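Peer 1: coords.cif is reproduced in full below (mmCIF, C-alpha atoms).
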data_target
loop_
_atom_site.label_atom_id
_atom_site.label_comp_id
_atom_site.auth_asym_id
_atom_site.auth_seq_id
_atom_site.Cartn_x
_atom_site.Cartn_y
_atom_site.Cartn_z
CA MET X 23 0.00 0.00 0.00
CA ASN X 24 1.31 3.43 -0.93
CA LYS X 25 1.75 5.75 1.98
CA THR X 26 1.77 9.51 1.89
CA VAL X 27 4.45 10.77 4.24
CA PRO X 28 2.92 13.20 6.76
CA GLN X 29 3.70 16.86 6.32
CA PHE X 30 3.66 19.36 9.18
CA THR X 31 3.34 23.13 9.47
CA VAL X 32 4.12 24.96 12.68
CA ASP X 33 1.25 26.82 14.32
CA PRO X 34 2.79 30.11 15.53
CA SER X 35 -0.33 30.98 17.57
CA TRP X 36 -0.08 27.93 19.84
CA PRO X 37 0.04 27.96 22.81
CA LYS X 38 -1.63 31.11 24.05
CA PRO X 39 0.44 33.33 26.41
CA LEU X 40 0.74 31.85 29.89
CA PRO X 41 -1.32 33.49 32.65
CA GLU X 42 -0.21 34.75 36.07
CA ASN X 43 3.21 36.08 34.97
CA TRP X 44 4.32 32.46 34.51
CA MET X 45 7.33 31.28 32.54
CA LEU X 46 8.26 27.79 31.38
CA GLY X 47 11.60 26.23 32.15
CA GLN X 48 13.06 23.23 30.37
CA CYS X 49 10.10 21.26 28.98
CA ALA X 50 10.97 17.62 29.62
CA GLY X 51 7.70 15.83 28.99
CA ILE X 52 4.62 16.18 26.82
CA ALA X 53 1.54 13.98 26.43
CA VAL X 54 -1.94 14.14 24.91
CA ASP X 55 -4.87 12.72 26.87
CA SER X 56 -8.02 11.04 25.55
CA HIS X 57 -9.76 14.45 25.35
CA ASP X 58 -7.01 15.89 23.12
CA ASN X 59 -5.75 18.09 25.93
CA ILE X 60 -1.98 18.56 25.98
CA TRP X 61 -0.04 17.98 29.20
CA VAL X 62 3.43 19.43 29.69
CA ALA X 63 5.97 18.73 32.42
CA HIS X 64 8.61 21.41 32.76
CA ARG X 65 11.40 22.14 35.24
CA PRO X 66 10.70 25.27 37.29
CA ASN X 67 14.15 25.04 38.86
CA SER X 68 15.81 25.38 35.44
CA LEU X 69 14.86 29.07 35.22
CA ASP X 70 17.71 31.37 36.17
CA ALA X 71 17.46 34.48 38.35
CA VAL X 72 16.94 36.75 35.34
CA GLU X 73 14.16 34.65 33.82
CA ALA X 74 12.42 34.35 37.21
CA GLY X 75 13.24 37.83 38.53
CA ALA X 76 9.84 38.29 40.14
CA ALA X 77 10.38 35.15 42.20
CA GLN X 78 13.63 36.36 43.77
CA VAL X 79 13.78 37.67 47.33
CA PRO X 80 13.58 40.58 46.98
CA PRO X 81 12.19 40.63 43.39
CA THR X 82 14.70 41.88 40.85
CA SER X 83 12.17 42.58 38.10
CA GLU X 84 8.47 42.34 37.40
CA CYS X 85 8.93 39.26 35.22
CA CYS X 86 8.52 36.34 35.91
CA VAL X 87 7.70 33.43 38.20
CA PRO X 88 8.04 29.72 37.40
CA ALA X 89 4.83 28.11 36.18
CA PRO X 90 3.58 25.05 38.09
CA PRO X 91 5.56 21.99 36.95
CA VAL X 92 2.68 20.30 35.10
CA LEU X 93 0.29 22.28 32.93
CA CYS X 94 -2.68 21.12 30.87
CA PHE X 95 -3.59 23.03 27.70
CA ASP X 96 -6.79 22.66 25.73
CA PRO X 97 -6.49 22.15 21.95
CA GLU X 98 -6.66 25.93 21.43
CA GLY X 99 -3.63 26.44 23.66
CA ASN X 100 -5.26 27.79 26.82
CA VAL X 101 -4.06 26.62 30.23
CA ILE X 102 -6.98 24.81 31.83
CA HIS X 103 -5.33 22.93 34.69
CA THR X 104 -2.06 22.92 36.63
CA PHE X 105 -0.57 20.31 38.84
CA GLY X 106 2.15 19.25 41.22
CA GLY X 107 5.37 20.58 42.64
CA ILE X 108 7.68 20.17 45.59
CA GLY X 109 5.89 21.38 48.69
CA VAL X 110 2.51 21.03 46.95
CA ILE X 111 2.42 17.27 46.40
CA ASP X 112 4.58 14.70 48.17
CA PRO X 113 6.50 12.87 46.90
CA TRP X 114 7.47 14.93 43.86
CA PRO X 115 10.56 14.52 41.64
CA ARG X 116 13.40 16.96 42.17
CA ARG X 117 13.83 17.30 38.39
CA GLU X 118 10.84 16.49 36.21
CA HIS X 119 11.35 14.04 33.35
CA GLY X 120 8.40 12.62 31.46
CA VAL X 121 4.63 12.83 31.82
CA TYR X 122 1.85 10.47 30.74
CA VAL X 123 -1.94 10.59 31.14
CA ASP X 124 -3.83 7.30 30.92
CA LEU X 125 -7.42 6.70 29.82
CA ASP X 126 -8.67 7.18 33.39
CA ASP X 127 -7.06 10.63 33.49
CA HIS X 128 -4.40 9.49 35.93
CA ILE X 129 -1.24 11.58 35.71
CA TRP X 130 2.13 9.80 35.71
CA VAL X 131 5.30 11.85 36.29
CA GLY X 132 8.93 10.76 36.39
CA GLY X 133 12.16 12.45 37.40
CA ASN X 134 15.92 12.28 36.93
CA GLY X 135 17.12 14.76 39.53
CA VAL X 136 20.00 14.17 41.94
CA ASP X 137 20.33 15.73 45.39
CA ALA X 138 23.49 17.10 47.01
CA GLU X 139 24.39 13.63 48.30
CA GLY X 140 24.12 12.11 44.83
CA ARG X 141 20.79 10.35 45.44
CA GLY X 142 18.56 10.28 42.40
CA ASP X 143 14.80 10.76 42.12
CA ASN X 144 14.48 7.11 41.05
CA MET X 145 10.70 7.13 41.11
CA VAL X 146 7.58 7.43 38.98
CA VAL X 147 4.48 8.80 40.71
CA LYS X 148 0.83 8.40 39.74
CA PHE X 149 -1.94 10.78 40.82
CA ASP X 150 -5.56 11.49 40.06
CA LEU X 151 -6.65 14.90 38.79
CA ASP X 152 -7.23 16.13 42.34
CA GLY X 153 -3.64 15.40 43.32
CA LYS X 154 -4.39 12.27 45.31
CA LEU X 155 -1.37 9.96 45.32
CA LEU X 156 -2.29 6.59 43.81
CA LEU X 157 1.03 4.82 43.29
CA VAL X 158 4.78 5.25 43.69
CA LEU X 159 7.07 3.08 41.59
CA GLY X 160 10.62 2.89 42.90
CA GLU X 161 11.88 4.67 45.98
CA PRO X 162 13.30 8.20 46.16
CA GLY X 163 17.06 8.16 46.60
CA GLU X 164 17.44 4.39 46.23
CA THR X 165 18.50 2.26 43.27
CA GLY X 166 19.42 -1.37 42.97
CA GLY X 167 20.79 -1.81 39.46
CA SER X 168 19.36 -2.96 36.18
CA ASN X 169 18.02 -6.26 37.49
CA ASP X 170 16.36 -5.04 40.66
CA THR X 171 12.62 -5.73 40.45
CA ARG X 172 11.53 -2.99 42.86
CA LEU X 173 13.89 -0.01 42.63
CA LEU X 174 14.33 2.25 39.62
CA GLY X 175 17.31 4.07 38.13
CA GLN X 176 16.21 7.54 36.97
CA THR X 177 13.41 6.56 34.63
CA ALA X 178 13.14 8.67 31.48
CA GLY X 179 9.96 7.51 29.70
CA ILE X 180 6.49 6.26 30.65
CA HIS X 181 3.81 4.48 28.61
CA VAL X 182 0.62 2.87 29.94
CA VAL X 183 -1.13 0.08 28.02
CA ASP X 184 -4.62 0.52 29.42
CA ALA X 185 -6.02 -2.70 27.94
CA ASP X 186 -3.40 -4.74 29.83
CA ASN X 187 -3.32 -2.46 32.89
CA GLU X 188 0.46 -2.33 32.58
CA VAL X 189 2.91 0.56 32.69
CA TYR X 190 6.14 0.35 30.68
CA LEU X 191 9.12 2.40 31.84
CA ALA X 192 12.29 3.35 29.98
CA ASP X 193 14.60 2.96 32.96
CA GLY X 194 16.70 4.97 32.15
CA TYR X 195 19.63 7.25 33.04
CA VAL X 196 21.18 4.88 35.59
CA ASN X 197 19.64 1.53 34.68
CA ARG X 198 19.66 0.06 31.17
CA ARG X 199 16.32 -1.60 30.62
CA ILE X 200 12.63 -1.60 29.87
CA ILE X 201 10.65 -2.61 32.96
CA VAL X 202 6.93 -3.35 33.25
CA PHE X 203 4.67 -3.07 36.31
CA ASP X 204 0.99 -3.56 37.07
CA ALA X 205 -0.48 -0.08 36.59
CA THR X 206 -2.74 -0.35 39.66
CA THR X 207 -0.79 -2.28 42.27
CA GLY X 208 2.77 -1.61 41.09
CA ALA X 209 3.53 -5.33 41.11
CA TYR X 210 6.62 -6.20 39.07
CA LYS X 211 5.88 -8.02 35.80
CA ARG X 212 9.07 -8.32 33.73
CA HIS X 213 12.10 -6.46 32.39
CA TRP X 214 14.71 -6.76 29.68
CA GLY X 215 17.72 -5.07 28.16
CA ALA X 216 18.98 -4.55 24.61
CA TYR X 217 18.15 -7.39 22.21
CA GLY X 218 15.80 -8.77 24.86
CA GLU X 219 18.75 -10.00 26.92
CA ARG X 220 19.33 -9.69 30.64
CA PRO X 221 20.73 -6.18 31.22
CA HIS X 222 23.99 -5.48 33.03
CA ASP X 223 25.68 -2.48 34.63
CA ASP X 224 29.25 -3.21 33.53
CA ALA X 225 31.40 -0.41 32.13
CA LEU X 226 30.80 0.19 28.42
CA PRO X 227 33.30 1.30 25.79
CA PRO X 228 32.84 4.81 24.39
CA TYR X 229 30.30 5.01 21.59
CA ASP X 230 31.98 4.48 18.22
CA PRO X 231 29.72 4.48 15.16
CA SER X 232 32.38 2.66 13.13
CA GLN X 233 32.26 -0.37 15.44
CA PRO X 234 29.61 -3.11 15.62
CA ALA X 235 26.63 -2.24 17.80
CA ILE X 236 27.06 -3.19 21.43
CA ARG X 237 24.60 -5.62 23.01
CA SER X 238 23.61 -3.23 25.77
CA PHE X 239 21.48 -0.16 26.07
CA ARG X 240 23.50 2.94 26.77
CA SER X 241 22.41 5.83 28.97
CA ALA X 242 19.84 6.96 28.52
CA VAL X 243 17.14 4.45 27.68
CA HIS X 244 15.04 7.48 26.98
CA SER X 245 11.61 6.51 25.69
CA VAL X 246 9.22 3.58 25.33
CA GLN X 247 6.11 3.34 23.14
CA VAL X 248 3.72 0.42 22.64
CA ALA X 249 1.78 0.17 19.38
CA ARG X 250 -1.76 -1.17 19.02
CA ASP X 251 -0.38 -4.34 17.43
CA GLY X 252 1.67 -5.06 20.57
CA LEU X 253 5.11 -4.07 19.33
CA VAL X 254 7.22 -2.24 21.91
CA TYR X 255 9.64 0.49 20.79
CA ALA X 256 12.62 1.56 22.91
CA ALA X 257 14.75 4.64 22.22
CA ASP X 258 18.38 3.81 22.99
CA ARG X 259 19.45 7.43 22.81
CA ALA X 260 23.24 7.47 22.87
CA ASN X 261 23.43 4.33 20.68
CA CYS X 262 21.42 6.25 18.04
CA ARG X 263 18.94 3.45 17.60
CA VAL X 264 15.40 2.26 18.11
CA GLN X 265 14.90 -1.36 19.12
CA VAL X 266 11.62 -3.24 18.71
CA PHE X 267 10.28 -6.01 20.94
CA GLN X 268 7.21 -8.03 21.61
CA LYS X 269 5.44 -7.34 24.89
CA ASP X 270 7.23 -10.21 26.60
CA GLY X 271 10.62 -8.70 25.71
CA THR X 272 11.37 -10.89 22.71
CA TYR X 273 13.63 -8.94 20.37
CA VAL X 274 12.24 -8.23 16.88
CA THR X 275 14.50 -5.76 15.07
CA GLU X 276 16.36 -2.45 15.30
CA ALA X 277 17.09 0.61 13.23
CA PHE X 278 19.81 3.25 13.50
CA ILE X 279 19.08 6.93 13.05
CA ARG X 280 21.88 9.28 12.02
CA ARG X 281 24.32 6.76 13.45
CA GLU X 282 27.32 9.09 13.22
CA THR X 283 25.80 11.36 15.91
CA LEU X 284 28.05 11.57 18.95
CA GLY X 285 27.43 13.01 22.41
CA ALA X 286 23.82 12.65 23.50
CA GLY X 287 22.85 10.58 20.45
CA SER X 288 19.92 10.85 18.08
CA ALA X 289 17.00 8.75 19.47
CA TRP X 290 15.46 10.91 22.18
CA ASP X 291 11.72 10.36 22.16
CA MET X 292 9.14 8.59 20.00
CA GLU X 293 5.50 8.87 19.08
CA LEU X 294 3.29 6.71 16.88
CA SER X 295 1.09 8.19 14.19
CA THR X 296 -2.60 8.12 15.04
CA ASP X 297 -3.97 6.55 11.85
CA PRO X 298 -5.58 3.11 12.38
CA GLU X 299 -2.48 1.20 11.29
CA GLN X 300 -0.03 3.54 13.00
CA GLN X 301 1.98 3.59 9.80
CA PHE X 302 4.67 5.99 11.03
CA LEU X 303 7.01 6.33 13.98
CA TYR X 304 8.16 9.84 14.83
CA VAL X 305 11.54 10.19 16.55
CA ALA X 306 12.65 13.37 18.29
CA ASP X 307 16.37 14.02 17.77
CA GLY X 308 17.60 16.69 20.16
CA ALA X 309 21.21 16.47 19.03
CA ASN X 310 20.41 17.14 15.37
CA PHE X 311 17.50 19.51 16.11
CA LYS X 312 14.81 17.71 14.13
CA VAL X 313 12.05 15.13 14.11
CA TRP X 314 12.54 12.05 11.94
CA ILE X 315 9.63 10.28 10.29
CA LEU X 316 10.06 6.51 9.99
CA ASP X 317 7.93 3.97 8.15
CA ARG X 318 6.94 1.81 11.12
CA LYS X 319 6.99 -1.47 9.24
CA SER X 320 10.44 -1.08 7.66
CA LEU X 321 11.87 1.49 10.13
CA GLU X 322 13.21 3.33 7.09
CA VAL X 323 13.54 7.10 7.45
CA VAL X 324 11.05 8.57 4.97
CA GLY X 325 11.06 12.20 6.04
CA SER X 326 11.91 14.78 8.67
CA PHE X 327 11.13 18.32 9.73
CA GLY X 328 12.79 21.02 11.79
CA ARG X 329 16.28 22.46 12.04
CA GLY X 330 18.39 24.13 14.69
CA GLY X 331 17.39 27.60 15.81
CA ARG X 332 15.19 29.63 18.10
CA GLN X 333 12.65 30.83 15.55
CA VAL X 334 9.15 29.41 15.24
CA GLY X 335 9.29 25.90 13.80
CA GLN X 336 12.96 25.43 14.67
CA PHE X 337 14.36 23.41 17.57
CA GLU X 338 16.87 23.70 20.36
CA TRP X 339 17.17 20.24 21.97
CA VAL X 340 13.76 18.85 21.05
CA HIS X 341 13.26 16.40 23.90
CA ASN X 342 9.73 15.00 23.66
CA LEU X 343 6.81 14.80 21.28
CA ALA X 344 3.17 13.71 21.35
CA ALA X 345 0.32 13.39 18.84
CA ASP X 346 -3.36 14.23 19.15
CA SER X 347 -6.25 12.36 17.52
CA LYS X 348 -6.09 14.57 14.42
CA GLY X 349 -2.44 13.71 13.80
CA ASN X 350 -1.02 17.03 14.97
CA LEU X 351 2.33 16.84 16.77
CA TYR X 352 3.41 18.72 19.88
CA THR X 353 7.07 19.13 20.81
CA ALA X 354 8.89 20.03 24.02
CA GLU X 355 12.41 21.46 24.27
CA VAL X 356 14.98 21.37 27.07
CA ASN X 357 18.38 23.03 27.50
CA ASN X 358 17.86 26.65 26.41
CA GLY X 359 14.82 25.86 24.26
CA LYS X 360 12.36 25.98 27.18
CA ARG X 361 9.24 25.93 25.05
CA ILE X 362 6.50 23.84 23.47
CA GLN X 363 5.29 24.00 19.87
CA LYS X 364 2.43 22.64 17.79
CA PHE X 365 2.90 21.26 14.29
CA THR X 366 -0.33 20.88 12.36
CA SER X 367 -0.70 17.80 10.19
CA ARG X 368 -1.30 18.65 6.53
#
Is it possible to express this structure as structure tokens?

Peer 2:
Amino acid sequence: MNKTVPQFTVDPSWPKPLPENWMLGQCAGIAVDSHDNIWVAHRPNSLDAVEAGAAQVPPTSECCVPAPPVLCFDPEGNVIHTFGGIGVIDPWPRREHGVYVDLDDHIWVGGNGVDAEGRGDNMVVKFDLDGKLLLVLGEPGETGGSNDTRLLGQTAGIHVVDADNEVYLADGYVNRRIIVFDATTGAYKRHWGAYGERPHDDALPPYDPSQPAIRSFRSAVHSVQVARDGLVYAADRANCRVQVFQKDGTYVTEAFIRRETLGAGSAWDMELSTDPEQQFLYVADGANFKVWILDRKSLEVVGSFGRGGRQVGQFEWVHNLAADSKGNLYTAEVNNGKRIQKFTSR
């Protein structure tokens, strides 16, 4: 079947200006719920004293104050709900990383912060819309390695398969695995590493694109997505690849994306197209400042959009992306990007 590669045009009017003198910090998570509302997790602590002058003691300027760490926008770009934060909800990650909203409107938030003693967030928290704590996966400040069945290692990505009542975690910055838990009780289900093998925490050689691919995920295992047909996609960021598995962890295949990319790598986040067959896989590439479009069946790159820059439609460390029911894409940027954008499907 012939496929028309999706085309996208940036919407410069989205989102609407934030209320309450708020400013966004590094935007490290974005998700679309079943109502086509867009949820964003940003890092209030990433704003410097100039950007958050009104929050200094005493204030140094009239602008601005950090926005609440999780904001919900309606499809028109208006803030309709805010959520979370240290001192508001406990426990809360020190450094936000990833957000997901399941079909029951439960909010899942992860973190990859580290305190002064070197203890990581190492948790994923689940709440209802009223802020009631429903579940904590992992334990703040504690990690047990890539084969521990209870503790996490700075999880980077979250995906809930509602039909199975399971939550998949890309775990993550310290650990090197995909791990699955019961989405209600938090009971451990299974985990696996690269190629579906048992993960390890041994020292790895430096990434070298001229050498054969190593049989281990490399920090960070940054994103996980599960398609309607049951295939599981893992973004092995610094290895510049996406690996595909069955739900039980059986390895299926892999594809490399801009394999010569060094540093942080090219496979940052993923989203599936919203057509019935989910024909395309979108891959956010923060290092190369663009979004790749892959044919999901062949994993061949068939298109891309974006380039480096701070103008509308350009990217500065595009970190996450999400799609609504109409096929529009929403992107979130970290580092100095500190913004979200909407790209309308044409």

Peer 1: I'd like a table as JSON lines: residues in stretch 75-95 of chain X with an atom no more than 12 Å from stretch 31-40 of chain X, each row giving the shortest atom pair and its distance in Å to one decimal, only C-alpha atoms counted, sorted by chain and rising residue number.

Peer 2:
{"residue": "X:Cys86", "atom": "CA", "partner": "X:Leu40", "partner_atom": "CA", "distance": 10.8}
{"residue": "X:Val87", "atom": "CA", "partner": "X:Leu40", "partner_atom": "CA", "distance": 11.0}
{"residue": "X:Pro88", "atom": "CA", "partner": "X:Leu40", "partner_atom": "CA", "distance": 10.7}
{"residue": "X:Ala89", "atom": "CA", "partner": "X:Leu40", "partner_atom": "CA", "distance": 8.4}
{"residue": "X:Pro90", "atom": "CA", "partner": "X:Leu40", "partner_atom": "CA", "distance": 11.0}
{"residue": "X:Leu93", "atom": "CA", "partner": "X:Leu40", "partner_atom": "CA", "distance": 10.1}
{"residue": "X:Cys94", "atom": "CA", "partner": "X:Pro37", "partner_atom": "CA", "distance": 10.9}
{"residue": "X:Phe95", "atom": "CA", "partner": "X:Pro37", "partner_atom": "CA", "distance": 7.8}

Peer 1: Hey, what comes out of the PyMOL selection byres ((chain X and resi 197) around 9) on this file? Could you write it as a PyMOL selection string?

Peer 2: chain X and resi 165-169+174-177+192-196+198-199+221-223+239-243

Peer 1: Taking into account only C-alpha atoms, which residue in the set X:Lys154, X:Lys348, X:His213, X:Lys312 is nearest to X:Phe267?

Peer 2: X:His213

Peer 1: Residues picked by the PyMOL selection byres ((chain X and resi 355-360) around 8) here, as a list in words?

Peer 2: Leu46, Gly47, Gln48, Cys49, Ala50, Arg332, Phe337, Glu338, Trp339, Val340, His341, Asn342, Thr353, Ala354, Arg361 and Ile362 of chain X

Peer 1: Tell me, as a short mmCIF file (atom, residue, chain, number, x, y, z; two decimals) with C-alpha atoms, in the coordinates of the input, which residues lie within 8 Å of X:Arg172, counting all atoms listed in the file; anything in the same chain fewer than 2 positions away does not count.

Peer 2:
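So part_20.cif came out as:
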data_model
loop_
_atom_site.label_atom_id
_atom_site.label_comp_id
_atom_site.auth_asym_id
_atom_site.auth_seq_id
_atom_site.Cartn_x
_atom_site.Cartn_y
_atom_site.Cartn_z
CA LEU X 159 7.07 3.08 41.59
CA GLY X 160 10.62 2.89 42.90
CA ASP X 170 16.36 -5.04 40.66
CA LEU X 174 14.33 2.25 39.62
CA TYR X 210 6.62 -6.20 39.07
#

Peer 1: Considering all atoms listed in the file, return as a PDB file with C-alpha atoms, in the coordinates of the input whatever protein or nucleic-acid residues lie within 7 Å of X:Gly107, sequence-local ones (same chain, fewer than 3 positions apart) excluded.

Peer 2:
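File selection38.pdb, as written:
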ATOM      1  CA  PRO X  90       3.580  25.050  38.090  1.00  0.00           C
ATOM      2  CA  PRO X  91       5.560  21.990  36.950  1.00  0.00           C
ATOM      3  CA  VAL X 110       2.510  21.030  46.950  1.00  0.00           C
ATOM      4  CA  ILE X 111       2.420  17.270  46.400  1.00  0.00           C
ATOM      5  CA  TRP X 114       7.470  14.930  43.860  1.00  0.00           C
TER       6      TRP X 114
END

Peer 1: Show me, as a PDB file with C-alpha atoms, in the coordinates of the input, the residues that have an atom within 6 Å of X:Gly132 when counting all atoms listed in the file, minus same-chain residues fewer than 6 positions from it.

Peer 2:
ATOM      1  CA  HIS X 119      11.350  14.040  33.350  1.00  0.00           C
ATOM      2  CA  GLY X 120       8.400  12.620  31.460  1.00  0.00           C
ATOM      3  CA  VAL X 146       7.580   7.430  38.980  1.00  0.00           C
TER       4      VAL X 146
END

Peer 1: Calculated over only C-alpha atoms, which of the candidates X:Pro298, X:Ala216, X:Arg318, X:Ala309 has the smallest distance to X:Tyr273?

Peer 2: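 The answer is X:Ala216, which sits nearest to X:Tyr273.
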
Peer 1: Residues at most 10 Å from X:His128, counting all atoms listed in the file, excluding those fewer than 5 positions away in the same chain, as a ChimeraX atom specification?

Peer 2: /X:55,122-123,148-156

Peer 1: If I take atom CA of X:Gly308 and atom CA of X:Tyr190, how far is one from the other in Å, to one decimal?

Peer 2: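 Between atom CA of X:Gly308 and atom CA of X:Tyr190 the gap is 22.6 Å.
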
Peer 1: Quick one: residues within 12 Å of X:Lys25, all atoms listed in the file, excluding same-chain residues fewer than 6 positions away - as a compact mmCIF listing (two decimals) with C-alpha atoms, in the frame of the given file?

Peer 2:
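File selection_27.txt, as written:
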# COMPACT_ATOMS: atom_id res chain seq x y z
CA ASP X 297 -3.97 6.55 11.85
CA GLU X 299 -2.48 1.20 11.29
CA GLN X 300 -0.03 3.54 13.00
CA GLN X 301 1.98 3.59 9.80
CA PHE X 302 4.67 5.99 11.03
CA LEU X 316 10.06 6.51 9.99
CA ASP X 317 7.93 3.97 8.15
CA ARG X 318 6.94 1.81 11.12
CA LYS X 319 6.99 -1.47 9.24
CA VAL X 324 11.05 8.57 4.97

Peer 1: For the file shown, report as a VMD selection string the outcome of the PyMOL selection byres ((chain X and resi 343) around 10) at residue level.

Peer 2: chain X and resid 50 to 54 290 to 294 304 to 306 313 340 to 342 344 to 345 351 to 355 362 to 364

Peer 1: Atom CA of X:Gln78 and atom CA of X:His103, how far apart in Å?

Peer 2: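 Computing the Euclidean distance for atom CA of X:His103 and atom CA of X:Gln78 yields 24.9 Å.
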
Peer 1: Return the single residue from X:Ala249, X:Gly140, X:Gly163, X:Arg237 that is closest to X:Pro115, with distances computed using only C-alpha atoms.

Peer 2: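 Under the stated criterion, the closest residue is X:Gly163.
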
Peer 1: Just the number, please: distance in Å from atom CA of X:Trp44 to atom CA of X:Gly133, one decimal.

Peer 2: 21.7 Å
